[in-house]
Amino acid sequence: MIEEEYSMSNLHVIYNYLDHENQYNLRQKQVSGDIYKKHFQNNDPVVIFIGRLIKEKKLGLIIESQKKLTEQNVFFNTVFIGSGEMEQPLRDISCEYELVDRVWFYGSWYEEQQIEKLIYNATLTISPGNIGLTTIHSLVYGTPVITHSNIWKHGPEIEAITLGEAGDFFDEDNVNDIVIKISLWIKQSQNKRETIRMMCYKKVDLYYNSDFQIKLLKSILEWEFFG
């Protein structure tokens with residue numbers, strides 16, 4: 001907008017958000033559950049993706065990374081929350097890599113109380129393609145996010161990922177780097193899960209909510225009218 005000759009003094013940044021108040025209240029009541037243990041019949045970490053299962057999201061890279069880490073004796077489960085054109089190809093890949101028992105196609109789901117359980121009890125959210133509000137959805141429930149480092153392809157919500165605290169970035173389309181980052185966060189989470197959870201909450205609770213936007217808009221209007 002500055003390049004379009006808008007005055008910098010008239011520009012103010014506000015933050016996108018979801019239903020933060022409801023989400024905050026849900027997570028206050030949450031304790032770690034066994035939803036994944038019951039399904040997978042193991043206690044291994046869980047990597048999730050939530051959103052449309054479409055080609056642009058490059059979701060095959062998750063299963064490819066899972067195969068590579070399994071070969072290194074680093075085990076985790078993968079959950080896809082959503083549906084779309086890539087569901088069957090992803091099922092085929094998981095079958096080819098003998099990971100059928102390790103990949104859960106949960107399907108589309110819109111009831112927030114259940115989504116909260118799925119995200120809260122996961123170890124990590126991953127988006128090999130571009131990401132937007134999913135970042136906020138994951139962080140508000142205390143689950144770190146990793147995605148690719150080509151920042152300009154993402155939605156502005158990518159700013160909420162604090163490197164090394166609430167998530168990480170890998171080289172775009174580089175499966176070997178994805179493997180490194182997943183392995184790193186799985187190891188960190190084994191001993192620091194609650195610390196990581198608190199760091200994920202921090203930025204969302206400060207900025208990505210209606211209370212902050214109201215305060216910001218009020219301050220702008222007061223300055224405009226009263227100087």
# chains A, B, ... in the order shown; residues from 1 in each chain; ligands from 1
>>> residues_around(residues="Thr134 in chain A", least_positions_apart="5", cutoff="9 Å", atoms="only C-alpha atoms", output="NGL selection string")
:A and (49-51 or 125 or 127 or 139 or 145 or 157)
>>> closest_atom_pairs(of="range 54-82 of chain A", to="range 163-180 of chain A", cutoff="8 Å", atoms="only C-alpha atoms", output="tab-separated table")
residue	atom	partner	partner_atom	distance
A:Leu61	CA	A:Val175	CA	6.3
A:Glu64	CA	A:Val175	CA	7.4
A:Ser65	CA	A:Val179	CA	5.3
A:Gln66	CA	A:Val179	CA	7.7
A:Lys68	CA	A:Val179	CA	7.3
A:Leu69	CA	A:Val179	CA	6.6
>>> write_last_selection(atoms="N, CA and C atoms", output="tab-separated table (two decimals), in the first residue's frame")
chain	number	residue	atom	x	y	z
A	61	LEU	N	4.15	-35.46	0.58
A	61	LEU	CA	5.45	-35.28	1.23
A	61	LEU	C	5.42	-35.71	2.70
A	64	GLU	N	5.72	-39.51	2.57
A	64	GLU	CA	7.08	-39.84	2.15
A	64	GLU	C	8.07	-39.63	3.31
A	65	SER	N	7.88	-38.55	4.05
A	65	SER	CA	8.73	-38.28	5.21
A	65	SER	C	8.54	-39.34	6.28
A	66	GLN	N	7.29	-39.76	6.46
A	66	GLN	CA	7.00	-40.80	7.45
A	66	GLN	C	7.71	-42.10	7.09
A	68	LYS	N	10.51	-42.42	5.33
A	68	LYS	CA	11.95	-42.25	5.55
A	68	LYS	C	12.29	-42.33	7.04
A	69	LEU	N	11.46	-41.73	7.88
A	69	LEU	CA	11.74	-41.76	9.32
A	69	LEU	C	11.49	-43.15	9.90
>>> closest_residue(among="A:Asp205, A:Trp104, A:Ile81, A:Leu26", to="Lys38 in chain A", atoms="only C-alpha atoms")
A:Trp104
>>> closest_residue(among="A:Lys117, A:His137, A:Lys203, A:Arg102", to="Glu159 in chain A", atoms="only C-alpha atoms")
A:Lys203
>>> closest_residue(among="A:Thr195, A:Ala122, A:Ile146, A:Ile136", to="Asp34 in chain A", atoms="only C-alpha atoms")
A:Ala122
>>> atom_distance(atom1="CA of Thr147 in chain A", atom2="CA of Leu216 in chain A")
29.2 Å
>>> closest_residue(among="A:Ile35, A:Ile119, A:Val204, A:Met1", to="Thr162 in chain A", atoms="only C-alpha atoms")
A:Val204
>>> closest_residue(among="A:Thr123, A:Ser149, A:Asn25, A:Ser108", to="Leu53 in chain A", atoms="only C-alpha atoms")
A:Ser108
>>> atom_distance(atom1="CA of Lys202 in chain A", atom2="CA of Ile14 in chain A")
16.8 Å
>>> select_by_dssp(residues="range 14-80 of chain A", states="strand (DSSP E or B)", output="PDB file with C-alpha atoms, in the first residue's frame")
ATOM      1  CA  VAL A  46       1.043 -37.794  16.021  1.00  0.00           C
ATOM      2  CA  VAL A  47       1.527 -35.453  13.074  1.00  0.00           C
ATOM      3  CA  ILE A  48      -1.648 -33.878  11.699  1.00  0.00           C
ATOM      4  CA  PHE A  49      -2.829 -31.881   8.721  1.00  0.00           C
ATOM      5  CA  ILE A  50      -6.181 -30.113   8.844  1.00  0.00           C
ATOM      6  CA  ASN A  77       1.279 -41.601  13.220  1.00  0.00           C
ATOM      7  CA  THR A  78      -0.264 -39.276  10.637  1.00  0.00           C
ATOM      8  CA  VAL A  79      -3.812 -37.891  10.699  1.00  0.00           C
ATOM      9  CA  PHE A  80      -5.509 -36.081   7.814  1.00  0.00           C
TER      10      PHE A  80
END
>>> closest_residue(among="A:Glu222, A:Asp92, A:Asp211, A:Glu116", to="Glu21 in chain A", atoms="only C-alpha atoms")
A:Asp211
>>> residues_around(residues="Lys153 in chain A", least_positions_apart="2", cutoff="10 Å", atoms="only C-alpha atoms", output="PyMOL selection string")
chain A and resi 129-132+148-151+155-156+158
